[in-house]
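Below is one structure, written out as structure tokens; comments come after it.
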Amino acid sequence: MKQINRAVRALGAGVLTLSMLGTASLARADEKVTLGVAIPTADHGFTGGIVWWANKAKTDLEKAHPDLKIIVKTAAGAPEQANQLQDLVTVNKINALVIFPFESASLTQPVAQVKKKGVYVTVVDRGLTDTSAQDAYVAGDNTAFGKLPAEYLAKELGGKGNIVALRGIPTTLDNERYTAFSNVIKNYPEMKILDAKYANWNRDDAFKVMQDFLTRFKHIDAVWAADDDMAVGVLKAIDQAKRSDIKIVFGGAGSKGMVKNVMDGAPMLKADVSYSPKFIYDAIKLTAEARLKGDKLPATTIIPSVLITKENAQQFYFPDSPF
């Protein structure tokens with residue numbers, strides 16, 4: 001009986017040793033990180049910045065970490081991005097993913113399927129509709145992105161006036177921005193949002209939306225175009241219509257062209273709000289370096305958004321930046 005017990009204990013020790021060896025070998029295997037980066041194509045200035053910063057992250061981080069491989073894929077739409085996720089898993093054998101979703105709802109299930117295969121998932125900026133599909137979320141402060149412009153407009157207009165708003169693409173972050181903006185405006189009974197329409201963070205779409213607003217509304221005091229590219233389209237429409245009633249056009253994201261206008265005191269461009277596309281670089285770096293150590297990121301990392309005015313614009317002006 002004692003011999004049997006000794007044999008069982010020896011077998012148990014052997015199993016434990018094998019288990020420990022297996023775990024150790026897995027840990028060593030996990031030191032090599034293949035990280036997929038899925039982002040939208042450069043269809044406007046901000047996403048142009050996203051693509052530039054993502055590729056810079058690939059160059060910098062692969063040079064710094066020999067055990068790291070980064071694959072960057074760009075997509076012109078949600079279906080294409082969903083297909084790319086499948087390829088990243090089956091062909092490229094990724095074990096980590098950083099995704100800037102083209103859209104929130106339509107990408108949630110495809111990302112969830114990637115996570116179910118054991119891939120560590122960091123979602124950037126445009127959040128998913130189900131946060132259980134991700135391990136970490138990195139974004140700018142979308143609440144401040146909407147709140148700061150609304151507070152600025154309320155102050156500059158003396159709490160009175162008609163506003164039109166141009167939103168981005170239907171995403172969780174756009175909802176956060178518009179909710180924060182409209183909640184501030186509700187505090188001013190003599191301020192009214194005449195209408196708010198999606199213009200897809202695109203100059204041409206914003207031009208068309210603003211043309212519609214100008215036709216329908218005979219007096220507009222201010223425009224919130226929640227992106228600097230959209231603000232460019234808005235200004236073009238105002239100029240063509242020769243309208244003189246609009247006092248302020250407020251964009252967003254701190255593009256170098258818009259910040260320069262704020263610095264130079266352009267008549268309608270008095271302020272902006274920061275939201276740099278560099279956060280894709282930060283998200284890739286944080287994810288890669290955490291996974292190389294076998295660590296995880298905090299569930300949420302928020303990068304602050306700041307009001308940019310003539311007084312502090314120089315701090316946010318980067319002439320060599322692509323955005």
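Ligands are numbered from 1 in the order shown, residues from 1 within each chain, and chains are lettered A, B, ... in the order they appear in the structure tokens.
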Going by DSSP on the backbone, which residues of region 90-314 of chain A come out as alpha helix (DSSP H)? List them as a PyMOL selection string.
chain A and resi 90+105-116+142-156+172-185+203-216+228-241+256-264+279-292
Can you write just those residues out, C-alpha atoms, as a short mmCIF file (atom, residue, chain, number, x, y, z; two decimals), in the first residue's frame?
```
data_model
loop_
_atom_site.label_atom_id
_atom_site.label_comp_id
_atom_site.auth_asym_id
_atom_site.auth_seq_id
_atom_site.Cartn_x
_atom_site.Cartn_y
_atom_site.Cartn_z
CA THR A 90 -6.17 32.69 -39.95
CA ALA A 105 -22.33 48.05 -34.32
CA SER A 106 -21.27 46.16 -37.44
CA LEU A 107 -17.75 45.42 -36.14
CA THR A 108 -18.73 44.28 -32.64
CA GLN A 109 -19.46 40.66 -33.56
CA PRO A 110 -16.39 40.21 -35.82
CA VAL A 111 -14.15 41.57 -33.05
CA ALA A 112 -15.85 39.33 -30.47
CA GLN A 113 -15.05 36.31 -32.66
CA VAL A 114 -11.38 37.33 -32.75
CA LYS A 115 -11.30 37.62 -28.95
CA LYS A 116 -12.90 34.16 -28.59
CA ASN A 142 -15.14 62.34 -26.32
CA THR A 143 -17.27 63.88 -23.57
CA ALA A 144 -14.92 66.87 -23.37
CA PHE A 145 -14.82 66.96 -27.20
CA GLY A 146 -18.54 67.81 -27.17
CA LYS A 147 -18.75 69.69 -23.87
CA LEU A 148 -15.93 72.20 -24.44
CA PRO A 149 -17.26 73.54 -27.79
CA ALA A 150 -20.79 73.90 -26.36
CA GLU A 151 -19.51 75.82 -23.33
CA TYR A 152 -17.38 78.02 -25.59
CA LEU A 153 -20.29 78.80 -27.94
CA ALA A 154 -22.61 79.57 -25.02
CA LYS A 155 -20.07 82.02 -23.62
CA GLU A 156 -19.27 83.68 -26.96
CA THR A 172 -20.41 55.25 -29.85
CA LEU A 173 -17.90 58.11 -29.79
CA ASP A 174 -20.12 60.33 -31.98
CA ASN A 175 -23.01 59.63 -29.59
CA GLU A 176 -20.83 60.60 -26.63
CA ARG A 177 -19.78 63.84 -28.32
CA TYR A 178 -23.25 64.90 -29.41
CA THR A 179 -24.85 63.97 -26.07
CA ALA A 180 -22.26 66.05 -24.21
CA PHE A 181 -22.72 68.97 -26.62
CA SER A 182 -26.53 68.98 -26.51
CA ASN A 183 -26.64 68.53 -22.72
CA VAL A 184 -24.72 71.80 -22.28
CA ILE A 185 -26.94 73.67 -24.76
CA ARG A 203 -15.40 67.86 -46.35
CA ASP A 204 -17.62 67.20 -49.36
CA ASP A 205 -20.43 65.68 -47.29
CA ALA A 206 -20.21 68.60 -44.85
CA PHE A 207 -20.42 71.06 -47.74
CA LYS A 208 -23.69 69.43 -48.89
CA VAL A 209 -25.16 69.25 -45.38
CA MET A 210 -24.30 72.90 -44.74
CA GLN A 211 -25.84 73.92 -48.06
CA ASP A 212 -29.06 72.27 -46.89
CA PHE A 213 -28.91 74.07 -43.53
CA LEU A 214 -28.29 77.42 -45.23
CA THR A 215 -31.28 76.89 -47.51
CA ARG A 216 -33.63 75.89 -44.69
CA ASP A 228 -11.85 70.06 -38.67
CA ASP A 229 -12.33 68.53 -42.13
CA MET A 230 -16.08 69.08 -41.88
CA ALA A 231 -15.44 72.67 -40.78
CA VAL A 232 -13.58 73.26 -44.07
CA GLY A 233 -16.65 72.10 -46.04
CA VAL A 234 -18.90 74.27 -43.87
CA LEU A 235 -16.78 77.38 -44.51
CA LYS A 236 -16.89 76.76 -48.26
CA ALA A 237 -20.69 76.52 -48.21
CA ILE A 238 -21.00 79.70 -46.13
CA ASP A 239 -18.67 81.55 -48.50
CA GLN A 240 -20.58 80.42 -51.59
CA ALA A 241 -23.90 81.45 -50.05
CA LYS A 256 -2.55 71.90 -38.08
CA GLY A 257 -4.53 73.99 -40.60
CA MET A 258 -7.29 74.77 -38.13
CA VAL A 259 -4.88 75.53 -35.29
CA LYS A 260 -3.00 77.91 -37.60
CA ASN A 261 -6.28 79.69 -38.35
CA VAL A 262 -6.96 80.06 -34.62
CA MET A 263 -3.42 81.41 -34.12
CA ASP A 264 -3.86 83.89 -36.95
CA PHE A 279 -3.47 57.97 -29.84
CA ILE A 280 -3.34 55.07 -32.33
CA TYR A 281 0.46 55.10 -31.89
CA ASP A 282 0.03 55.19 -28.11
CA ALA A 283 -2.49 52.32 -28.19
CA ILE A 284 -0.22 50.13 -30.35
CA LYS A 285 2.80 50.87 -28.16
CA LEU A 286 0.94 50.24 -24.90
CA THR A 287 -0.58 46.99 -26.20
CA ALA A 288 2.62 45.64 -27.76
CA GLU A 289 4.81 46.34 -24.74
CA ALA A 290 2.24 44.94 -22.31
CA ARG A 291 1.83 41.71 -24.30
CA LEU A 292 5.59 41.27 -24.66
#
```
Please provide as a PDB file with N, CA and C atoms, in the first residue's frame all residues within 7 Å of Ser305 (chain A), with the sequence filter that same-chain residues fewer than 5 positions apart are discarded (counting only C-alpha atoms).
```
ATOM      1  N   GLY A 140      -9.576  59.270 -27.002  1.00  0.00           N
ATOM      2  CA  GLY A 140      -9.558  60.635 -26.514  1.00  0.00           C
ATOM      3  C   GLY A 140     -10.801  60.852 -25.664  1.00  0.00           C
ATOM      4  N   ASP A 141     -10.879  62.017 -25.049  1.00  0.00           N
ATOM      5  CA  ASP A 141     -12.010  62.332 -24.170  1.00  0.00           C
ATOM      6  C   ASP A 141     -13.168  62.866 -25.008  1.00  0.00           C
ATOM      7  N   ALA A 144     -15.492  65.513 -23.324  1.00  0.00           N
ATOM      8  CA  ALA A 144     -14.921  66.867 -23.373  1.00  0.00           C
ATOM      9  C   ALA A 144     -14.960  67.420 -24.799  1.00  0.00           C
ATOM     10  N   PHE A 145     -14.800  66.542 -25.797  1.00  0.00           N
ATOM     11  CA  PHE A 145     -14.817  66.959 -27.200  1.00  0.00           C
ATOM     12  C   PHE A 145     -16.147  67.639 -27.553  1.00  0.00           C
ATOM     13  N   VAL A 273     -10.720  72.140 -30.457  1.00  0.00           N
ATOM     14  CA  VAL A 273     -10.532  71.229 -29.332  1.00  0.00           C
ATOM     15  C   VAL A 273      -9.586  70.118 -29.768  1.00  0.00           C
ATOM     16  N   SER A 274      -8.649  69.753 -28.900  1.00  0.00           N
ATOM     17  CA  SER A 274      -7.618  68.776 -29.272  1.00  0.00           C
ATOM     18  C   SER A 274      -8.178  67.356 -29.263  1.00  0.00           C
ATOM     19  N   TYR A 275      -7.690  66.546 -30.205  1.00  0.00           N
ATOM     20  CA  TYR A 275      -8.044  65.118 -30.278  1.00  0.00           C
ATOM     21  C   TYR A 275      -7.109  64.499 -31.309  1.00  0.00           C
TER      22      TYR A 275
END
```
In terms of only C-alpha atoms, the residue from A:Ala253, A:Val33, A:Val51, A:Ala96 at minimal distance from His65 (chain A) is A:Val33
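Rounded to one decimal, CA of Val306 (chain A) and CA of Gly49 (chain A) lie 18.5 Å from each other.
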The residue from A:Gly36, A:Pro101, A:Gly159, A:Gly45 with the smallest atom-to-atom distance to Asp87 (chain A), counting only C-alpha atoms, is A:Gly36
In terms of the shortest atom-to-atom distance over only C-alpha atoms, which of A:Asn200, A:Thr131, A:Thr47, A:Gln314 is closest to Ser276 (chain A)?
A:Thr47
Those of region 49-216 of chain A in DSSP strand (DSSP E or B), formatted as a PyMOL selection string:
chain A and resi 68-75+96-99+120-124+136-140+161-167+191-198
Interatomic distance, CA of Pro277 (chain A) to CA of Phe46 (chain A) (Å, one decimal):
6.4 Å
Do you have the CA of His219 (chain A)-CA of Asp245 (chain A) distance handy?
6.3 Å
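Between Leu166 (chain A) and the candidates A:Ala226, A:Ile94, A:Met191, A:Ala82, the tightest atom-to-atom separation, counting only C-alpha atoms, involves A:Ala226.
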